[in-house]
Every structure is written in structure tokens, then in C-alpha cells.
Amino acid sequence: MQYRTLGRTGVKVSAFALGAMNFGRIGRTTQDEATALVDTALEAGVNLIDTADWYGLGDSEEMLGKALAGRRDDLVLATKANMPMSDEPNHQGSSRRWLYTALDDSLRRLGVDHVDLYQIHRWDPETSDEETLSALTDLQRAGKIRYFGSSTFPAHRIVEAQWAAREHRLSRYVTEQPSYSVLQRGIEAHVLPVTERYGLGVLAWSPLASGWLSGAVREGREITTSRSKILPERFDLTVPANRARMDAVERLAALADEAGLTMIQLALGFVTAHPAVTSALIGPRTTDHLHAQLAAADTVLPADVLDAIDEIVAPGTDLAPHEKFDTPPALLDPALRRRR
């Protein structure tokens with residue numbers, strides 16, 4: 001396992017991080033299965049584990065806390081807040097009021113007195129940067145969090161938050177967690193240049209593109225991945241974006257075969273090759289999935305393979321832009337592009 005410095009924090013983290021989204025009801029995993037995933041990851045040298053309060057509405061944090069009992073101190077533990085946790089309108093967002101409550105709830109579920117990295121799960125347009133950053137700074141000074149970061153923020157919001165921290169003399173986000181894969185490369189054009197400029201660590205989620213790059217999705221085969229059952233529209237080949245993804249997958253599979261690699265090695269090796277990326281978040285549902293992903297831990301793609309990937313999916317290109325979570329609202333709502 002390779003280790004890299006998380007932004008400018010000085011903290012060393014593994015190039016693969018274990019994502020715990022599938023712990024509990026989302027992945028239908030039991031406590032024993034979740035503990036086995038943690039055990040296997042730790043034995044392989046993974047030292048960064050990421051979860052969120054929203055995953056299973058607390059299931060993931062509770063199961064992770066039990067799995068980590070007695071060995072928390074050697075890990076970099078990360079969680080997130082901001083997504084709706086109930087129908088109560090104030091049980092979400094990035095206000096001081098909610099973040100204080102959400103963090104206490106997360107600490108209780110995890111069975112710890114602090115987390116190393118606390119992340120704002122999505123940009124909250126209704127809450128000012130000063131409000132959120134001041135709350136996070138105070139939680140940091142109270143010792144409940146060591147660092148804080150953002151997740152899936154648009155590039156301009158990352159920049160504005162950095163400016164707000166400087167203007168109001170507050171602590172700043174030190175990490176960003178964006179979606180990044182061979183099939184979704186849009187962040188290369190905007191987010192990654194910004195994270196490099198400000199020295200942010202980058203924890204890339206969905207490096208296997210929701211299973212498209214796992215090797216299980218191929219032309220002529222029935223698609224039976226767990227994600228395809230939850231979100232079938234993302235795998236419907238009558239949709240042009242999905243057809244484009246399948247065409248790219250077939251070319252990538254041929255490239256992987258020629259290079260003597262699995263699709264997983266090709267996909268994860270691509271993400272960890274970018275100099276702006278600190279860790280790739282792998283979110284296995286079973287230990288078999290985890291072993292297949294850990295087998296890519298020492299994969300270093302040569303220049304000719306990376307060049308060939310660029311020929312298949314151009315740098316800075318999202319093959320499914322409609323699935324992005326950091327798209328500026330004006331690109332989705334025509335009314336925001338028209339002067340009244």
C-alpha cells in the first residue's frame with residue numbers, strides 16, 4: 001500500500017481508502033460482514049476509512065464504530081454531514097445549529113470522542129460560508145474534529161470558501177471529495193486545478209463508476225450489479241449516455257487485456273495516477289469485492305496506457321454529465337439563464 005500526504009495537513013493516508021456506504025441497509029451487509037471488510041482493509045494497510053451520517057441514516061456509522069472498537073487510534077476516521085436525516089426541515093444543511101447536533105450524533109454512533117476529518121457532504125446554497133466555517137472552526141477548537149473538508153463542491157464554491165476563511169480568519173477546508181473515474185473526468189477541467197492551487201487533499205469517490213468499470217458490465221451480458229438494481233435507468237442502454245459508456249467500457253476492456261490488467265486495476269490505477277488525487281475511495285459490499293480492489297493497490301499505469309485511455313475518453317470529459325452532483329444550478333434550470 002502506498003501512503004500520501006493529505007493535502008498540507010502532514011497526515012499520511014493510504015492511496016486506497018475504505019468507503020463504508022454499503023455498511024447496513026444500503027448494501028444489505030450484516031455487522032459480521034462489515035467487520036470482516038474492516039479487518040481485511042486494515043490488514044492490507046488501509047488507514048483511512050470514510051463514512052457519513054446519511055448512509056443508512058446512521059447504520060454505517062454504528063456498524064463502523066463496532067468494527068473499529070479498540071483500534072480507532074491508528075486510523076484516520078472521516079465522516080460527513082449535511083444530507084437530510086429526517087423529515088424535520090432543520091435536520092439537514094450546513095448551519096451551526098445542525099452541524100453541532102449532527103456531529104454529536106455521529107460521535108455517539110461511532111463510539112469515539114473525535115473524528116479526524118469532518119466533511120460537508122454537499123454545498124448548501126442556503127447557508128453562508130462564514131456560518132459553516134465558523135461552526136467547523138469552533139468544533140475543531142473544541143477538539144471534536146481535527147480537520148474539515150468539502151464533498152462534491154463545484155470549483156467556484158471551493159474557491160469562495162477559501163476566500164471566506166481568509167477574510168474572516170477562520171480555519172479552511174483542507175480536503176475535497178469529488179466523483180472521479182475514467183468515465184467521469186469533468187473535474188480535471190475545473191475542480192482538480194483548484195484543489196492543486198489551494199493544496200487540498202482529494203479523496204475520489206466512485207472510481208469504478210458505480211460498477212461500470214468493475215468488469216461485471218460488458219456488452220451482451222445481463223447487467224446484474226447491485227447498483228443497476230437500485231438505479232436501473234443508469235444502465236439502460238437505450239439512453240445515449242449509457243450507450244456511450246458501454247462503448248468506452250468495451251474499448252477499455254480491450255486495453256486492459258492488452259496491458260495484462262484487470263478492469264479494476266485499470267480503473268483504480270487511472271484515478272491514483274493523477275497528481276492531485278490523494279486517495280481513491282473503494283466501497284466494496286463483500287470481501288470478494290474488496291480483495292479484487294486491493295489487488296490494484298500497487299498498480300502503476302505506464303504512460304502508453306494512460307495515453308490510450310485519453311484516446312478513449314478525452315481529458316476533462318464526463319460521459320454522463322447528467323449524473324454529476326456539482327453541476328451549477330443554471331445549467332439545469334433554464335430560468336436561471338434568462339434575464340427577467
# chains A, B, ... in the order shown; residues from 1 in each chain; ligands from 1
>>> residues_around(residues="A:Gly56", least_positions_apart="2", cutoff="6 Å", atoms="only C-alpha atoms", output="ChimeraX atom specification")
/A:25-26,54,58-59
>>> residues_around(residues="A:Gln293", least_positions_apart="3", cutoff="9 Å", atoms="only C-alpha atoms", output="count of residues only")
11
>>> residues_around(residues="stretch 182-195 of chain A", least_positions_apart="4", cutoff="6 Å", atoms="only C-alpha atoms", output="MDAnalysis selection string")
chainID A and resid 155 199:200 316:319
>>> closest_atom_pairs(of="stretch 142-250 of chain A", to="stretch 127-130 of chain A", cutoff="10 Å", atoms="only C-alpha atoms", output="Markdown table")
| residue | atom | partner | partner_atom | distance |
| --- | --- | --- | --- | --- |
| A:Arg157 | CA | A:Asp129 | CA | 9.1 |
| A:Glu160 | CA | A:Asp129 | CA | 7.9 |
| A:Ala161 | CA | A:Asp129 | CA | 5.9 |
| A:Gln162 | CA | A:Asp129 | CA | 9.1 |
| A:Trp163 | CA | A:Asp129 | CA | 9.4 |
| A:Ala164 | CA | A:Glu130 | CA | 6.3 |
| A:Ala165 | CA | A:Glu130 | CA | 7.3 |
| A:Glu167 | CA | A:Glu130 | CA | 9.2 |
| A:His168 | CA | A:Glu130 | CA | 7.2 |
| A:Arg169 | CA | A:Glu130 | CA | 9.8 |
| A:Leu170 | CA | A:Glu130 | CA | 8.3 |
>>> write_last_selection(atoms="all heavy atoms", output="CSV table (one decimal), in the first residue's frame")
chain,number,residue,atom,x,y,z
A,157,ARG,N,-17.3,27.2,-5.7
A,157,ARG,CA,-17.7,27.2,-4.3
A,157,ARG,C,-16.4,26.8,-3.5
A,157,ARG,O,-16.3,27.3,-2.3
A,157,ARG,CB,-18.8,26.2,-4.0
A,157,ARG,CG,-20.1,26.5,-4.7
A,157,ARG,CD,-20.6,27.9,-4.4
A,157,ARG,NE,-20.5,28.3,-2.9
A,157,ARG,CZ,-20.8,29.5,-2.4
A,157,ARG,NH1,-21.1,30.4,-3.2
A,157,ARG,NH2,-20.7,29.7,-1.1
A,160,GLU,N,-14.6,30.1,-3.3
A,160,GLU,CA,-15.2,31.1,-2.4
A,160,GLU,C,-15.1,30.7,-0.9
A,160,GLU,O,-14.9,31.6,-0.1
A,160,GLU,CB,-16.7,31.2,-2.8
A,160,GLU,CG,-16.9,31.9,-4.2
A,160,GLU,CD,-18.3,32.2,-4.5
A,160,GLU,OE1,-19.2,32.3,-3.5
A,160,GLU,OE2,-18.6,32.4,-5.7
A,161,ALA,N,-15.1,29.5,-0.6
A,161,ALA,CA,-14.9,29.0,0.8
A,161,ALA,C,-13.5,29.3,1.2
A,161,ALA,O,-13.3,29.7,2.4
A,161,ALA,CB,-15.2,27.6,0.9
A,162,GLN,N,-12.5,29.2,0.4
A,162,GLN,CA,-11.2,29.5,0.7
A,162,GLN,C,-11.0,31.0,1.0
A,162,GLN,O,-10.4,31.4,2.0
A,162,GLN,CB,-10.2,29.1,-0.4
A,162,GLN,CG,-10.1,27.6,-0.6
A,162,GLN,CD,-9.4,26.9,0.5
A,162,GLN,OE1,-8.4,27.3,1.0
A,162,GLN,NE2,-10.0,25.7,0.9
A,163,TRP,N,-11.7,31.8,0.2
A,163,TRP,CA,-11.6,33.3,0.4
A,163,TRP,C,-12.3,33.7,1.7
A,163,TRP,O,-11.9,34.5,2.4
A,163,TRP,CB,-12.3,34.0,-0.8
A,163,TRP,CG,-11.5,33.9,-2.1
A,163,TRP,CD1,-10.2,33.5,-2.3
A,163,TRP,CD2,-12.0,34.4,-3.4
A,163,TRP,NE1,-9.9,33.6,-3.6
A,163,TRP,CE2,-10.9,34.1,-4.3
A,163,TRP,CE3,-13.1,34.9,-3.9
A,163,TRP,CZ2,-11.0,34.4,-5.6
A,163,TRP,CZ3,-13.2,35.2,-5.2
A,163,TRP,CH2,-12.2,35.0,-6.1
A,164,ALA,N,-13.5,33.0,1.9
A,164,ALA,CA,-14.2,33.4,3.1
A,164,ALA,C,-13.4,33.0,4.4
A,164,ALA,O,-13.4,33.8,5.4
A,164,ALA,CB,-15.6,32.6,3.1
A,165,ALA,N,-12.7,31.9,4.4
A,165,ALA,CA,-11.9,31.5,5.5
A,165,ALA,C,-10.8,32.6,5.8
A,165,ALA,O,-10.6,33.0,6.9
A,165,ALA,CB,-11.3,30.2,5.3
A,167,GLU,N,-10.9,35.8,4.7
A,167,GLU,CA,-11.5,37.1,5.1
A,167,GLU,C,-11.9,37.1,6.5
A,167,GLU,O,-11.7,38.2,7.2
A,167,GLU,CB,-12.7,37.3,4.2
A,167,GLU,CG,-13.4,38.7,4.5
A,167,GLU,CD,-14.6,38.9,3.6
A,167,GLU,OE1,-14.9,38.0,2.7
A,167,GLU,OE2,-15.3,39.9,3.8
A,168,HIS,N,-12.5,36.0,7.0
A,168,HIS,CA,-13.0,36.0,8.4
A,168,HIS,C,-12.0,35.4,9.4
A,168,HIS,O,-12.4,35.2,10.5
A,168,HIS,CB,-14.4,35.3,8.4
A,168,HIS,CG,-15.4,36.0,7.5
A,168,HIS,ND1,-16.0,37.2,7.8
A,168,HIS,CD2,-15.9,35.6,6.3
A,168,HIS,CE1,-16.8,37.5,6.9
A,168,HIS,NE2,-16.8,36.6,5.9
A,169,ARG,N,-10.8,35.1,8.9
A,169,ARG,CA,-9.8,34.5,9.8
A,169,ARG,C,-10.3,33.2,10.5
A,169,ARG,O,-10.2,33.0,11.7
A,169,ARG,CB,-9.3,35.5,10.8
A,169,ARG,CG,-8.7,36.7,10.2
A,169,ARG,CD,-8.1,37.7,11.2
A,169,ARG,NE,-7.5,38.8,10.5
A,169,ARG,CZ,-6.8,39.8,11.2
A,169,ARG,NH1,-6.7,39.7,12.5
A,169,ARG,NH2,-6.3,40.8,10.5
A,170,LEU,N,-10.8,32.3,9.7
A,170,LEU,CA,-11.3,31.0,10.1
A,170,LEU,C,-10.5,29.9,9.6
A,170,LEU,O,-9.7,30.1,8.6
A,170,LEU,CB,-12.8,30.9,9.7
A,170,LEU,CG,-13.8,31.9,10.2
A,170,LEU,CD1,-15.1,31.8,9.4
A,170,LEU,CD2,-14.0,31.7,11.7
>>> select_by_dssp(residues="stretch 115-262 of chain A", states="helix (DSSP H, G or I)", output="ChimeraX atom specification")
/A:129-141,155-167,186-188,191-198,209-211,226-230,232-235,240-259
>>> select_by_dssp(residues="stretch 61-222 of chain A", states="strand (DSSP E)", output="number ranges by chain")
A: 76-81, 115-120, 145-151, 175-177, 201-204
>>> write_last_selection(atoms="C-alpha atoms", output="PDB file, in the first residue's frame")
ATOM      1  CA  VAL A  76      -7.758   8.361  10.028  1.00  0.00           C
ATOM      2  CA  LEU A  77     -11.525   8.371  10.549  1.00  0.00           C
ATOM      3  CA  ALA A  78     -13.718  10.526   8.316  1.00  0.00           C
ATOM      4  CA  THR A  79     -17.444  11.173   8.262  1.00  0.00           C
ATOM      5  CA  LYS A  80     -19.827  13.664   6.676  1.00  0.00           C
ATOM      6  CA  ALA A  81     -22.939  15.697   7.449  1.00  0.00           C
ATOM      7  CA  VAL A 115     -13.187  12.362  14.082  1.00  0.00           C
ATOM      8  CA  ASP A 116     -10.101  13.195  12.077  1.00  0.00           C
ATOM      9  CA  LEU A 117     -11.929  14.614   9.068  1.00  0.00           C
ATOM     10  CA  TYR A 118     -15.433  16.086   9.102  1.00  0.00           C
ATOM     11  CA  GLN A 119     -16.827  16.819   5.651  1.00  0.00           C
ATOM     12  CA  ILE A 120     -19.753  18.858   4.365  1.00  0.00           C
ATOM     13  CA  ILE A 145     -12.732  17.286  14.810  1.00  0.00           C
ATOM     14  CA  ARG A 146      -9.120  17.540  13.700  1.00  0.00           C
ATOM     15  CA  TYR A 147      -9.704  18.814  10.152  1.00  0.00           C
ATOM     16  CA  PHE A 148     -12.661  19.521   7.909  1.00  0.00           C
ATOM     17  CA  GLY A 149     -13.337  19.282   4.201  1.00  0.00           C
ATOM     18  CA  SER A 150     -15.940  19.531   1.465  1.00  0.00           C
ATOM     19  CA  SER A 151     -17.546  16.897  -0.729  1.00  0.00           C
ATOM     20  CA  THR A 175      -9.872  18.319   1.519  1.00  0.00           C
ATOM     21  CA  GLU A 176     -12.396  17.872  -1.272  1.00  0.00           C
ATOM     22  CA  GLN A 177     -14.185  14.612  -2.073  1.00  0.00           C
ATOM     23  CA  GLY A 201      -6.218  16.686  -0.392  1.00  0.00           C
ATOM     24  CA  VAL A 202      -8.543  14.867  -2.809  1.00  0.00           C
ATOM     25  CA  LEU A 203     -10.489  11.732  -1.877  1.00  0.00           C
ATOM     26  CA  ALA A 204     -12.025  10.462  -5.126  1.00  0.00           C
TER      27      ALA A 204
END
>>> closest_atom_pairs(of="stretch 29-128 of chain A", to="stretch 273-279 of chain A", cutoff="12 Å", atoms="only C-alpha atoms", output="CSV")
residue,atom,partner,partner_atom,distance
A:Val46,CA,A:Ser279,CA,10.3
A:Asn47,CA,A:Ser279,CA,10.8
A:Leu48,CA,A:Ser279,CA,8.8
A:Ile49,CA,A:Ser279,CA,10.7
A:Asp50,CA,A:Ser279,CA,11.0
>>> closest_residue(among="A:Ala44, A:Thr238, A:Leu18, A:Ala295", to="A:Trp205", atoms="only C-alpha atoms")
A:Leu18
>>> residues_around(residues="A:Arg96", least_positions_apart="6", cutoff="9 Å", atoms="only C-alpha atoms", output="list of chain:residue names")
A:Glu131, A:Thr132, A:Leu133, A:Ser134, A:Ala135, A:Leu136
>>> closest_residue(among="A:Pro84, A:Gly70, A:Gly220, A:Gly143", to="A:Ala52", atoms="only C-alpha atoms")
A:Pro84
>>> residues_around(residues="stretch 247-262 of chain A", least_positions_apart="6", cutoff="12 Å", atoms="only C-alpha atoms", output="ChimeraX atom specification")
/A:181-184,208-209,211-221,237,240-241,268-270,292-296,298-314,318-320
>>> residues_around(residues="A:Arg4", least_positions_apart="2", cutoff="7 Å", atoms="only C-alpha atoms", output="CSV table (one decimal) with N, CA, C and O atoms, in the first residue's frame")
chain,number,residue,atom,x,y,z
A,2,GLN,N,0.6,2.2,-0.9
A,2,GLN,CA,1.3,3.5,-0.9
A,2,GLN,C,0.6,4.4,0.1
A,2,GLN,O,-0.6,4.3,0.4
A,6,LEU,N,-2.0,14.0,3.1
A,6,LEU,CA,-3.4,14.5,2.9
A,6,LEU,C,-3.3,16.0,2.8
A,6,LEU,O,-3.3,16.8,3.8
A,12,LYS,N,-0.4,11.2,6.9
A,12,LYS,CA,-0.2,10.2,5.9
A,12,LYS,C,-1.4,9.3,5.8
A,12,LYS,O,-1.8,8.7,6.8
A,13,VAL,N,-1.9,9.2,4.6
A,13,VAL,CA,-3.1,8.3,4.4
A,13,VAL,C,-2.8,7.3,3.2
A,13,VAL,O,-2.0,7.6,2.3
A,14,SER,N,-3.5,6.2,3.3
A,14,SER,CA,-3.3,5.2,2.2
A,14,SER,C,-3.9,5.6,0.9
A,14,SER,O,-4.9,6.4,0.9
A,15,ALA,N,-3.3,5.2,-0.2
A,15,ALA,CA,-3.8,5.6,-1.5
A,15,ALA,C,-5.1,5.0,-1.8
A,15,ALA,O,-5.8,5.5,-2.7
A,278,THR,N,-5.3,12.2,-3.8
A,278,THR,CA,-4.6,11.6,-2.6
A,278,THR,C,-5.0,10.2,-2.5
A,278,THR,O,-4.1,9.3,-2.4
>>> closest_residue(among="A:Phe235, A:Ser210, A:Lys66, A:Thr30", to="A:Glu222", atoms="only C-alpha atoms")
A:Phe235
>>> closest_residue(among="A:Asn90, A:Ser179, A:Thr224, A:Gln140", to="A:Ser206", atoms="only C-alpha atoms")
A:Ser179
>>> atom_distance(atom1="atom CA of A:Tyr180", atom2="atom CA of A:Val271")
7.1 Å
>>> decode(residues="stretch 179-197 of chain A", atoms="N, CA, C and O atoms", output="compact mmCIF listing (two decimals), in the first residue's frame")
# COMPACT_ATOMS: atom_id res chain seq x y z
N SER A 179 -16.47 13.10 -7.23
CA SER A 179 -16.61 11.89 -8.04
C SER A 179 -15.59 11.95 -9.18
O SER A 179 -15.46 12.97 -9.84
N TYR A 180 -14.88 10.82 -9.39
CA TYR A 180 -13.84 10.82 -10.42
C TYR A 180 -13.59 9.40 -10.90
O TYR A 180 -13.40 8.48 -10.10
N SER A 181 -13.62 9.22 -12.21
CA SER A 181 -13.32 7.91 -12.81
C SER A 181 -12.93 8.13 -14.26
O SER A 181 -13.02 9.25 -14.79
N VAL A 182 -12.55 7.05 -14.92
CA VAL A 182 -12.23 7.13 -16.35
C VAL A 182 -13.43 7.65 -17.14
O VAL A 182 -13.26 8.37 -18.13
N LEU A 183 -14.64 7.31 -16.69
CA LEU A 183 -15.84 7.69 -17.43
C LEU A 183 -16.37 9.06 -17.05
O LEU A 183 -17.20 9.62 -17.77
N GLN A 184 -15.93 9.58 -15.91
CA GLN A 184 -16.38 10.90 -15.44
C GLN A 184 -15.14 11.73 -15.10
O GLN A 184 -14.67 11.74 -13.98
N ARG A 185 -14.63 12.44 -16.10
CA ARG A 185 -13.37 13.15 -15.97
C ARG A 185 -13.54 14.67 -15.93
O ARG A 185 -12.56 15.41 -16.02
N GLY A 186 -14.76 15.15 -15.78
CA GLY A 186 -15.01 16.58 -15.84
C GLY A 186 -14.24 17.38 -14.81
O GLY A 186 -13.86 18.53 -15.07
N ILE A 187 -13.98 16.79 -13.62
CA ILE A 187 -13.29 17.56 -12.58
C ILE A 187 -11.86 17.91 -12.97
O ILE A 187 -11.26 18.81 -12.38
N GLU A 188 -11.31 17.23 -13.98
CA GLU A 188 -9.96 17.57 -14.44
C GLU A 188 -9.92 18.99 -15.01
O GLU A 188 -8.87 19.63 -15.01
N ALA A 189 -11.07 19.46 -15.50
CA ALA A 189 -11.11 20.78 -16.14
C ALA A 189 -11.33 21.92 -15.16
O ALA A 189 -11.02 23.07 -15.48
N HIS A 190 -11.86 21.62 -13.96
CA HIS A 190 -12.18 22.73 -13.06
C HIS A 190 -11.86 22.44 -11.60
O HIS A 190 -11.13 23.20 -10.96
N VAL A 191 -12.32 21.33 -11.04
CA VAL A 191 -12.13 21.07 -9.61
C VAL A 191 -10.67 20.77 -9.28
O VAL A 191 -10.09 21.36 -8.34
N LEU A 192 -10.04 19.85 -10.00
CA LEU A 192 -8.67 19.46 -9.65
C LEU A 192 -7.66 20.60 -9.79
O LEU A 192 -6.77 20.72 -8.95
N PRO A 193 -7.75 21.47 -10.80
CA PRO A 193 -6.84 22.62 -10.80
C PRO A 193 -7.00 23.51 -9.57
O PRO A 193 -6.01 24.06 -9.06
N VAL A 194 -8.23 23.62 -9.06
CA VAL A 194 -8.47 24.44 -7.87
C VAL A 194 -7.90 23.75 -6.63
O VAL A 194 -7.27 24.40 -5.78
N THR A 195 -8.12 22.45 -6.49
CA THR A 195 -7.58 21.75 -5.31
C THR A 195 -6.06 21.80 -5.30
O THR A 195 -5.44 21.94 -4.23
N GLU A 196 -5.45 21.72 -6.47
CA GLU A 196 -3.99 21.82 -6.53
C GLU A 196 -3.54 23.23 -6.15
O GLU A 196 -2.54 23.40 -5.43
N ARG A 197 -4.26 24.23 -6.61
CA ARG A 197 -3.89 25.62 -6.31
C ARG A 197 -3.93 25.90 -4.81
O ARG A 197 -3.06 26.59 -4.28
